[in-house]
Each structure stands twice: as C-alpha cells, then as structure tokens.
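Worksheet: one structure, shown below.
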Amino acid sequence: MLRQRSLREPVCTTGVGLHSGERVRLCLKPAPVDSGIVFWRTDLEPPLAIAAKAQAVNDTRMASTLTATDAKGQLARVATVEHLMSALAGLGIDNLNIEVDAPEIPILDGSSGSFVYLIRAAGVVEQAAPKRFIRVLKPIEVREADKWARLEPHFGFRLRFGIDFQHPAIDSTVQEVDVDFSKDSYVDTVARARTFGFMRDIEQLRAAGLAQGGSLDNAIVMDEFRVLNDDGLRSADEFAKHKLLDAIGDLYLLGRPLLAAYTAHKSGHALNNQLLRALLADQTAWEEVSFAERSKAPAQYARDWAYA
C-alpha cells in the first residue's frame, strides 16, 4: 500500500518574514493520519489552526495567504506559505502541524531548499493509512488576459511553465521549463530556485506593507538591466523554475497530491488558486484515488522517496 507520510520528530528554525520583516519562529511537528497540513498561529490566545486549503486563501498579493477566524471573531492570517508547501509536496508529506509565531512563514534563502533540509533533518515516516490523491479526469482551465493555467489528466505529476517579464536580465535566461516527476527529482531540479524582484518596485511594495524583509540574502534582485546579487543565478532557468516552484506549493493547497499535468503561462498565486477552485467546483472533473499496491502507483510515488 502507498502510505501517508509525516515527520519522525519535530524540527524548528527562525528567520525573517519576506513581506512583514518580522522575526519568525517556525516549528514543523508530526501529525496523525488524515489530518492534512495545518498551520498554527501560536502567538494568538488560544492558538489558532488554519488549514492549508484552497478555500482558505483570501490574499494573493505577492504570496499565497491563508486565513481563519480567531476566538475574537477577527480574521487571522498566515502568509507566504507557498515555498514551504512546495517542499512538502516535493517530499510527499501528507500530515503536518506547522507552528508559527507571526503572520508569515520565514523566507529563509528565498527558495524551498532550506525547508527540504529541515524536513530531512526531522526524518520522514510512513503512516498506517493509504495516501490519497486527487486525479484529474478532464481539462480545467482559467484565463486572465494573456495569463492562463490548465490542469489535464495525467498518470503522474508534470508541470510546464512559461514566463514573459520583458526584462533584459530575465529575457536572456530560459523562458519555459518542463518538469516531469516520473523522472525528475524535486530536490535536484526545483527546490533551490529563489524568488526574485525588481528594485523599481521596492518603494511601492514597502509603502503597501510588502517586501519589508527582502534582501539580496533571500531573493534575486534586479535593477533595470541586470541581476544585482554577487553570486548571480543558481541556474540558467532559475526565474522560470521559481515560478514553477511557487505553482507546486499553490497546487498543494488542494489538500491532496495531484495526479495531473499542469501547464501555465504567466500564471501567479491568484490564477493558481482560481484553477483549484474551478477544479473543486466541477465534481465530474476529478476523483479521489489510493493505491493498494505501490507498483500500481505512478513512477514518482512507486519508487523510493529518497530520490524525491
């Protein structure tokens, strides 16, 4: 049987919120079967649980933000969840309690690499319950002007993402990436791609209360012509690959791993969330499945997860 997975033991770290600029303590803790991914705002009294669900997303400005109503009837949030969610999807974690003492997940190095390190440091265990997937049965697409995102039936998980920023530093790099997890490793192929931004936008973002904690240590930053980071890019496709990394995290807010092919052009957090809501709204477009025999599962799940 292909089983659900959680962590062997708790693991914690501290960092800064990309948009809030606040110091954040983050702890990842094992959770029981069928509990899913749940964020806990431990700085609230009593601590508030916020489920990692597409329906809980209510703000997609520069990040995916989850919300829930606290004991006082006020809306509480946890922002910038996509990089951590991407790592959890990439390493196949089904159940986890995520404790955070601020309204945002720390940005760490701007990629999912640090979260992968934390998960591996804690160790991963299989649990006594079948892993449950959402299998897409027919195409679902959402569009907004020249931006679009689509899910199609596929026995596995494959993503293709195209970007078009019309910026010299980005235009000179790979503009479209295609990752098929039946043969590609999440850790080696996707996890280290960092978020990026433009100097021209920083003043406006900070006036809106965003990007307060952004720096060359946790993002690729560009002026009008070039990358300002001394170490340059980690790969020639890092810009497009980070947008794909974000999409993996956004899609994992479905609450189950997907069996589907995802294709997108210039999509972002808002369109990715619209895509999930459109899928869920059409009950003829998907079904929940499990695999009693590991050998019958898609290749990426049938093999040893050490190769994730």
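We label chains A, B, ... in the order they appear in the structure tokens, count residues from 1 in each chain, and number ligands from 1 in the order shown.
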
Subject >> Neighbour list for Val100 of chain A as a count of residues only, cut-off 12 Å, only C-alpha atoms, skip fewer than 6 positions in-chain >> reply: 31

**OP:** Using DSSP on the backbone, list every residue of segment 13-214 of chain A that comes out as helix (DSSP H, G or I), and give them as a PyMOL selection string.
**Re:** chain A and resi 54-56+82-90+113-122+168-171+186-189+199-207

Subject >> Contacts of segment 261-276 of chain A within 7 Å, only C-alpha atoms, excl. fewer than 4 positions in-chain, as a list of chain:residue names >> reply: A:Ala54, A:Thr60, A:Ala63, A:Ser64, A:Glu141, A:Val142, A:Lys147, A:Trp148, A:Ala149, A:Arg150, A:Leu151, A:Glu152, A:Pro153, A:His154, A:Phe157, A:Arg158, A:Leu159, A:Arg160, A:Phe161, A:Gly162, A:Ile163, A:Asp164, A:Ala247, A:Asp250, A:Leu251, A:Leu254, A:Leu280

Original post:
Quick one: distance from atom CA of Glu99 of chain A to atom CA of Ser215 of chain A in Å, one decimal?
Top reply: 24.6 Å

Which of segment 48-288 of chain A counts as strand (DSSP E) under DSSP, as a PDB file with N, CA and C atoms, in the first residue's frame please?
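Saved to selection15.pdb:
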ATOM      1  N   LEU A  48      -4.453  29.413  17.075  1.00  0.00           N
ATOM      2  CA  LEU A  48      -5.462  29.253  16.024  1.00  0.00           C
ATOM      3  C   LEU A  48      -4.964  28.320  14.933  1.00  0.00           C
ATOM      4  N   ALA A  49      -5.800  27.324  14.574  1.00  0.00           N
ATOM      5  CA  ALA A  49      -5.491  26.417  13.478  1.00  0.00           C
ATOM      6  C   ALA A  49      -6.004  26.996  12.166  1.00  0.00           C
ATOM      7  N   ILE A  50      -5.156  26.975  11.142  1.00  0.00           N
ATOM      8  CA  ILE A  50      -5.536  27.438   9.800  1.00  0.00           C
ATOM      9  C   ILE A  50      -5.175  26.328   8.828  1.00  0.00           C
ATOM     10  N   ALA A  51      -6.182  25.676   8.275  1.00  0.00           N
ATOM     11  CA  ALA A  51      -5.951  24.539   7.384  1.00  0.00           C
ATOM     12  C   ALA A  51      -5.382  25.003   6.051  1.00  0.00           C
ATOM     13  N   VAL A  57      -7.567  30.567   1.081  1.00  0.00           N
ATOM     14  CA  VAL A  57      -6.733  31.621   0.501  1.00  0.00           C
ATOM     15  C   VAL A  57      -7.603  32.844   0.215  1.00  0.00           C
ATOM     16  N   ASN A  58      -7.249  33.986   0.793  1.00  0.00           N
ATOM     17  CA  ASN A  58      -8.038  35.198   0.517  1.00  0.00           C
ATOM     18  C   ASN A  58      -7.175  36.395   0.137  1.00  0.00           C
ATOM     19  N   ASP A  59      -5.867  36.180   0.000  1.00  0.00           N
ATOM     20  CA  ASP A  59      -4.974  37.262  -0.417  1.00  0.00           C
ATOM     21  C   ASP A  59      -3.853  36.625  -1.230  1.00  0.00           C
ATOM     22  N   THR A  65      -1.771  33.621   0.874  1.00  0.00           N
ATOM     23  CA  THR A  65      -2.074  33.880   2.278  1.00  0.00           C
ATOM     24  C   THR A  65      -3.331  33.142   2.691  1.00  0.00           C
ATOM     25  N   LEU A  66      -3.232  32.355   3.776  1.00  0.00           N
ATOM     26  CA  LEU A  66      -4.358  31.611   4.316  1.00  0.00           C
ATOM     27  C   LEU A  66      -4.962  32.379   5.484  1.00  0.00           C
ATOM     28  N   THR A  67      -6.269  32.265   5.671  1.00  0.00           N
ATOM     29  CA  THR A  67      -6.928  32.970   6.769  1.00  0.00           C
ATOM     30  C   THR A  67      -7.933  32.064   7.471  1.00  0.00           C
ATOM     31  N   ALA A  68      -8.222  32.424   8.715  1.00  0.00           N
ATOM     32  CA  ALA A  68      -9.271  31.784   9.512  1.00  0.00           C
ATOM     33  C   ALA A  68      -9.725  32.799  10.550  1.00  0.00           C
ATOM     34  N   THR A  69     -10.891  32.582  11.121  1.00  0.00           N
ATOM     35  CA  THR A  69     -11.434  33.489  12.136  1.00  0.00           C
ATOM     36  C   THR A  69     -10.998  33.035  13.519  1.00  0.00           C
ATOM     37  N   LEU A  75     -10.249  38.135  11.713  1.00  0.00           N
ATOM     38  CA  LEU A  75      -9.585  37.342  10.696  1.00  0.00           C
ATOM     39  C   LEU A  75      -8.076  37.302  10.969  1.00  0.00           C
ATOM     40  N   ALA A  76      -7.543  36.111  11.119  1.00  0.00           N
ATOM     41  CA  ALA A  76      -6.103  35.931  11.315  1.00  0.00           C
ATOM     42  C   ALA A  76      -5.523  35.263  10.079  1.00  0.00           C
ATOM     43  N   ARG A  77      -4.262  35.523   9.799  1.00  0.00           N
ATOM     44  CA  ARG A  77      -3.684  35.019   8.563  1.00  0.00           C
ATOM     45  C   ARG A  77      -2.314  34.393   8.788  1.00  0.00           C
ATOM     46  N   VAL A  78      -1.904  33.606   7.818  1.00  0.00           N
ATOM     47  CA  VAL A  78      -0.520  33.156   7.728  1.00  0.00           C
ATOM     48  C   VAL A  78      -0.140  33.267   6.252  1.00  0.00           C
ATOM     49  N   LEU A  96       0.919  17.262   8.741  1.00  0.00           N
ATOM     50  CA  LEU A  96       1.927  18.053   9.451  1.00  0.00           C
ATOM     51  C   LEU A  96       1.255  19.193  10.197  1.00  0.00           C
ATOM     52  N   ASN A  97       1.719  19.451  11.415  1.00  0.00           N
ATOM     53  CA  ASN A  97       1.352  20.651  12.157  1.00  0.00           C
ATOM     54  C   ASN A  97       2.498  21.644  12.037  1.00  0.00           C
ATOM     55  N   ILE A  98       2.183  22.836  11.578  1.00  0.00           N
ATOM     56  CA  ILE A  98       3.188  23.880  11.359  1.00  0.00           C
ATOM     57  C   ILE A  98       2.905  25.020  12.321  1.00  0.00           C
ATOM     58  N   GLU A  99       3.768  25.191  13.315  1.00  0.00           N
ATOM     59  CA  GLU A  99       3.583  26.242  14.308  1.00  0.00           C
ATOM     60  C   GLU A  99       4.412  27.461  13.936  1.00  0.00           C
ATOM     61  N   VAL A 100       3.788  28.629  13.954  1.00  0.00           N
ATOM     62  CA  VAL A 100       4.460  29.862  13.573  1.00  0.00           C
ATOM     63  C   VAL A 100       3.996  30.974  14.511  1.00  0.00           C
ATOM     64  N   VAL A 124      11.419  11.377   7.833  1.00  0.00           N
ATOM     65  CA  VAL A 124      10.071  11.141   7.310  1.00  0.00           C
ATOM     66  C   VAL A 124       9.650   9.713   7.639  1.00  0.00           C
ATOM     67  N   VAL A 125       8.403   9.544   8.095  1.00  0.00           N
ATOM     68  CA  VAL A 125       7.876   8.215   8.420  1.00  0.00           C
ATOM     69  C   VAL A 125       6.594   7.956   7.639  1.00  0.00           C
ATOM     70  N   GLU A 126       6.414   6.702   7.251  1.00  0.00           N
ATOM     71  CA  GLU A 126       5.154   6.296   6.654  1.00  0.00           C
ATOM     72  C   GLU A 126       4.154   5.973   7.756  1.00  0.00           C
ATOM     73  N   GLN A 127       2.879   6.227   7.457  1.00  0.00           N
ATOM     74  CA  GLN A 127       1.818   6.053   8.447  1.00  0.00           C
ATOM     75  C   GLN A 127       0.839   4.968   7.999  1.00  0.00           C
ATOM     76  N   ALA A 128       0.070   4.462   8.939  1.00  0.00           N
ATOM     77  CA  ALA A 128      -0.806   3.314   8.693  1.00  0.00           C
ATOM     78  C   ALA A 128      -2.135   3.737   8.076  1.00  0.00           C
ATOM     79  N   ALA A 129      -2.064   4.389   6.924  1.00  0.00           N
ATOM     80  CA  ALA A 129      -3.267   4.790   6.186  1.00  0.00           C
ATOM     81  C   ALA A 129      -2.874   5.024   4.734  1.00  0.00           C
ATOM     82  N   PRO A 130      -3.764   4.755   3.793  1.00  0.00           N
ATOM     83  CA  PRO A 130      -3.424   4.942   2.380  1.00  0.00           C
ATOM     84  C   PRO A 130      -3.275   6.415   2.014  1.00  0.00           C
ATOM     85  N   PHE A 133      -4.962  10.690  -3.297  1.00  0.00           N
ATOM     86  CA  PHE A 133      -4.647  11.612  -4.382  1.00  0.00           C
ATOM     87  C   PHE A 133      -5.929  12.194  -4.971  1.00  0.00           C
ATOM     88  N   ILE A 134      -5.781  13.341  -5.622  1.00  0.00           N
ATOM     89  CA  ILE A 134      -6.837  13.864  -6.488  1.00  0.00           C
ATOM     90  C   ILE A 134      -6.386  13.628  -7.926  1.00  0.00           C
ATOM     91  N   ARG A 135      -7.140  12.789  -8.645  1.00  0.00           N
ATOM     92  CA  ARG A 135      -6.833  12.513 -10.047  1.00  0.00           C
ATOM     93  C   ARG A 135      -7.749  13.354 -10.928  1.00  0.00           C
ATOM     94  N   VAL A 136      -7.136  14.143 -11.796  1.00  0.00           N
ATOM     95  CA  VAL A 136      -7.892  14.995 -12.720  1.00  0.00           C
ATOM     96  C   VAL A 136      -8.418  14.133 -13.867  1.00  0.00           C
ATOM     97  N   ILE A 140      -9.276  21.379 -17.097  1.00  0.00           N
ATOM     98  CA  ILE A 140      -9.821  22.559 -16.424  1.00  0.00           C
ATOM     99  C   ILE A 140      -8.854  23.709 -16.694  1.00  0.00           C
ATOM    100  N   GLU A 141      -9.382  24.851 -17.130  1.00  0.00           N
ATOM    101  CA  GLU A 141      -8.517  25.977 -17.477  1.00  0.00           C
ATOM    102  C   GLU A 141      -9.109  27.281 -16.970  1.00  0.00           C
ATOM    103  N   VAL A 142      -8.236  28.188 -16.543  1.00  0.00           N
ATOM    104  CA  VAL A 142      -8.645  29.543 -16.186  1.00  0.00           C
ATOM    105  C   VAL A 142      -7.735  30.523 -16.927  1.00  0.00           C
ATOM    106  N   ARG A 143      -8.315  31.685 -17.288  1.00  0.00           N
ATOM    107  CA  ARG A 143      -7.572  32.694 -18.045  1.00  0.00           C
ATOM    108  C   ARG A 143      -7.837  34.088 -17.498  1.00  0.00           C
ATOM    109  N   GLU A 144      -6.850  34.943 -17.671  1.00  0.00           N
ATOM    110  CA  GLU A 144      -6.977  36.360 -17.326  1.00  0.00           C
ATOM    111  C   GLU A 144      -6.086  37.133 -18.277  1.00  0.00           C
ATOM    112  N   LYS A 147      -2.691  35.704 -19.479  1.00  0.00           N
ATOM    113  CA  LYS A 147      -2.230  34.741 -18.493  1.00  0.00           C
ATOM    114  C   LYS A 147      -3.210  33.570 -18.441  1.00  0.00           C
ATOM    115  N   TRP A 148      -2.681  32.352 -18.262  1.00  0.00           N
ATOM    116  CA  TRP A 148      -3.573  31.204 -18.169  1.00  0.00           C
ATOM    117  C   TRP A 148      -2.889  30.050 -17.434  1.00  0.00           C
ATOM    118  N   ALA A 149      -3.742  29.151 -16.927  1.00  0.00           N
ATOM    119  CA  ALA A 149      -3.251  27.947 -16.254  1.00  0.00           C
ATOM    120  C   ALA A 149      -4.246  26.831 -16.527  1.00  0.00           C
ATOM    121  N   ARG A 150      -3.731  25.610 -16.682  1.00  0.00           N
ATOM    122  CA  ARG A 150      -4.576  24.485 -17.069  1.00  0.00           C
ATOM    123  C   ARG A 150      -4.138  23.210 -16.344  1.00  0.00           C
ATOM    124  N   LEU A 151      -5.119  22.394 -15.977  1.00  0.00           N
ATOM    125  CA  LEU A 151      -4.881  21.038 -15.486  1.00  0.00           C
ATOM    126  C   LEU A 151      -5.498  20.058 -16.466  1.00  0.00           C
ATOM    127  N   GLU A 152      -4.757  18.980 -16.751  1.00  0.00           N
ATOM    128  CA  GLU A 152      -5.241  17.947 -17.651  1.00  0.00           C
ATOM    129  C   GLU A 152      -4.952  16.568 -17.063  1.00  0.00           C
ATOM    130  N   PHE A 157       2.640  13.465 -12.131  1.00  0.00           N
ATOM    131  CA  PHE A 157       2.587  14.903 -11.886  1.00  0.00           C
ATOM    132  C   PHE A 157       3.652  15.569 -12.744  1.00  0.00           C
ATOM    133  N   ARG A 158       3.192  16.337 -13.711  1.00  0.00           N
ATOM    134  CA  ARG A 158       4.077  17.019 -14.648  1.00  0.00           C
ATOM    135  C   ARG A 158       3.678  18.484 -14.720  1.00  0.00           C
ATOM    136  N   LEU A 159       4.666  19.374 -14.805  1.00  0.00           N
ATOM    137  CA  LEU A 159       4.389  20.804 -14.870  1.00  0.00           C
ATOM    138  C   LEU A 159       5.215  21.441 -15.972  1.00  0.00           C
ATOM    139  N   ARG A 160       4.574  22.357 -16.713  1.00  0.00           N
ATOM    140  CA  ARG A 160       5.261  23.166 -17.716  1.00  0.00           C
ATOM    141  C   ARG A 160       4.872  24.619 -17.475  1.00  0.00           C
ATOM    142  N   PHE A 161       5.867  25.489 -17.368  1.00  0.00           N
ATOM    143  CA  PHE A 161       5.590  26.893 -17.015  1.00  0.00           C
ATOM    144  C   PHE A 161       6.381  27.812 -17.933  1.00  0.00           C
ATOM    145  N   GLY A 162       5.688  28.815 -18.482  1.00  0.00           N
ATOM    146  CA  GLY A 162       6.331  29.818 -19.314  1.00  0.00           C
ATOM    147  C   GLY A 162       6.229  31.201 -18.691  1.00  0.00           C
ATOM    148  N   GLU A 176      10.950  28.952 -20.532  1.00  0.00           N
ATOM    149  CA  GLU A 176       9.957  27.901 -20.291  1.00  0.00           C
ATOM    150  C   GLU A 176      10.649  26.674 -19.714  1.00  0.00           C
ATOM    151  N   VAL A 177      10.042  26.098 -18.696  1.00  0.00           N
ATOM    152  CA  VAL A 177      10.591  24.899 -18.070  1.00  0.00           C
ATOM    153  C   VAL A 177       9.527  23.805 -18.051  1.00  0.00           C
ATOM    154  N   ASP A 178       9.994  22.578 -18.100  1.00  0.00           N
ATOM    155  CA  ASP A 178       9.114  21.411 -18.123  1.00  0.00           C
ATOM    156  C   ASP A 178       9.703  20.387 -17.166  1.00  0.00           C
ATOM    157  N   VAL A 179       8.949  20.036 -16.143  1.00  0.00           N
ATOM    158  CA  VAL A 179       9.415  19.078 -15.136  1.00  0.00           C
ATOM    159  C   VAL A 179       8.423  17.929 -15.037  1.00  0.00           C
ATOM    160  N   ASP A 180       8.910  16.730 -15.167  1.00  0.00           N
ATOM    161  CA  ASP A 180       8.087  15.525 -15.051  1.00  0.00           C
ATOM    162  C   ASP A 180       8.655  14.701 -13.905  1.00  0.00           C
ATOM    163  N   PHE A 196      12.316  36.283  -6.767  1.00  0.00           N
ATOM    164  CA  PHE A 196      13.026  37.409  -7.374  1.00  0.00           C
ATOM    165  C   PHE A 196      12.141  38.649  -7.401  1.00  0.00           C
ATOM    166  N   GLY A 197      12.798  39.803  -7.532  1.00  0.00           N
ATOM    167  CA  GLY A 197      12.075  41.067  -7.545  1.00  0.00           C
ATOM    168  C   GLY A 197      12.912  42.158  -8.189  1.00  0.00           C
ATOM    169  N   PHE A 198      12.285  43.338  -8.333  1.00  0.00           N
ATOM    170  CA  PHE A 198      12.904  44.438  -9.048  1.00  0.00           C
ATOM    171  C   PHE A 198      13.072  45.644  -8.138  1.00  0.00           C
ATOM    172  N   ILE A 220      16.560  37.071  -5.525  1.00  0.00           N
ATOM    173  CA  ILE A 220      17.301  37.619  -6.659  1.00  0.00           C
ATOM    174  C   ILE A 220      16.737  39.016  -6.898  1.00  0.00           C
ATOM    175  N   VAL A 221      17.599  40.010  -6.916  1.00  0.00           N
ATOM    176  CA  VAL A 221      17.149  41.399  -7.084  1.00  0.00           C
ATOM    177  C   VAL A 221      17.777  41.974  -8.354  1.00  0.00           C
ATOM    178  N   MET A 222      16.965  42.697  -9.130  1.00  0.00           N
ATOM    179  CA  MET A 222      17.437  43.265 -10.391  1.00  0.00           C
ATOM    180  C   MET A 222      17.175  44.761 -10.456  1.00  0.00           C
ATOM    181  N   LEU A 258      -1.667  15.883  -6.423  1.00  0.00           N
ATOM    182  CA  LEU A 258      -2.372  15.827  -7.705  1.00  0.00           C
ATOM    183  C   LEU A 258      -1.801  14.746  -8.612  1.00  0.00           C
ATOM    184  N   LEU A 259      -2.680  14.072  -9.340  1.00  0.00           N
ATOM    185  CA  LEU A 259      -2.307  13.283 -10.497  1.00  0.00           C
ATOM    186  C   LEU A 259      -2.832  14.054 -11.698  1.00  0.00           C
ATOM    187  N   ALA A 260      -1.938  14.804 -12.338  1.00  0.00           N
ATOM    188  CA  ALA A 260      -2.360  15.719 -13.392  1.00  0.00           C
ATOM    189  C   ALA A 260      -1.147  16.305 -14.095  1.00  0.00           C
ATOM    190  N   ALA A 261      -1.413  16.882 -15.258  1.00  0.00           N
ATOM    191  CA  ALA A 261      -0.425  17.719 -15.941  1.00  0.00           C
ATOM    192  C   ALA A 261      -0.877  19.166 -15.801  1.00  0.00           C
ATOM    193  N   TYR A 262       0.018  19.999 -15.315  1.00  0.00           N
ATOM    194  CA  TYR A 262      -0.247  21.429 -15.132  1.00  0.00           C
ATOM    195  C   TYR A 262       0.563  22.187 -16.176  1.00  0.00           C
ATOM    196  N   THR A 263      -0.102  23.068 -16.906  1.00  0.00           N
ATOM    197  CA  THR A 263       0.574  23.920 -17.877  1.00  0.00           C
ATOM    198  C   THR A 263       0.117  25.350 -17.644  1.00  0.00           C
ATOM    199  N   ALA A 264       1.067  26.284 -17.674  1.00  0.00           N
ATOM    200  CA  ALA A 264       0.704  27.674 -17.389  1.00  0.00           C
ATOM    201  C   ALA A 264       1.611  28.642 -18.130  1.00  0.00           C
ATOM    202  N   HIS A 265       1.069  29.822 -18.383  1.00  0.00           N
ATOM    203  CA  HIS A 265       1.833  30.925 -18.975  1.00  0.00           C
ATOM    204  C   HIS A 265       1.552  32.177 -18.170  1.00  0.00           C
ATOM    205  N   TRP A 286     -12.783  15.421 -11.355  1.00  0.00           N
ATOM    206  CA  TRP A 286     -11.767  14.790 -10.519  1.00  0.00           C
ATOM    207  C   TRP A 286     -12.363  13.660  -9.687  1.00  0.00           C
ATOM    208  N   GLU A 287     -11.466  12.829  -9.164  1.00  0.00           N
ATOM    209  CA  GLU A 287     -11.856  11.780  -8.235  1.00  0.00           C
ATOM    210  C   GLU A 287     -10.725  11.552  -7.251  1.00  0.00           C
ATOM    211  N   GLU A 288     -11.046  11.031  -6.084  1.00  0.00           N
ATOM    212  CA  GLU A 288     -10.027  10.703  -5.096  1.00  0.00           C
ATOM    213  C   GLU A 288      -9.633   9.243  -5.272  1.00  0.00           C
TER     214      GLU A 288
END

**OP:** Show which residues sit within 12 Å of Leu88 of chain A, as a PyMOL selection string. Count only C-alpha atoms, and ignore same-chain residues fewer than 3 positions away.
**Re:** chain A and resi 5-7+28+36-38+52+81-85+91-98+112-120+124+186-187+191+245+248-253+255-257+308

Subject >> Nearest to Ala299 of chain A by atom-to-atom distance, counting only C-alpha atoms, from A:Lys183, A:Lys131, A:His242, A:Arg61 >> reply: A:Lys183

Original post:
Smallest atom-to-atom distance to Ser172 of chain A: which of A:Glu238, A:Ala89, A:Gln300, A:Ala31, using only C-alpha atoms?
Top reply: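 The closest residue to Ser172 of chain A is A:Glu238.
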
**OP:** To one decimal in Å, tell me the separation between atom CA of Phe155 of chain A and atom CA of Ala297 of chain A.
**Re:**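 Separating atom CA of Phe155 of chain A from atom CA of Ala297 of chain A is a distance of 8.5 Å.
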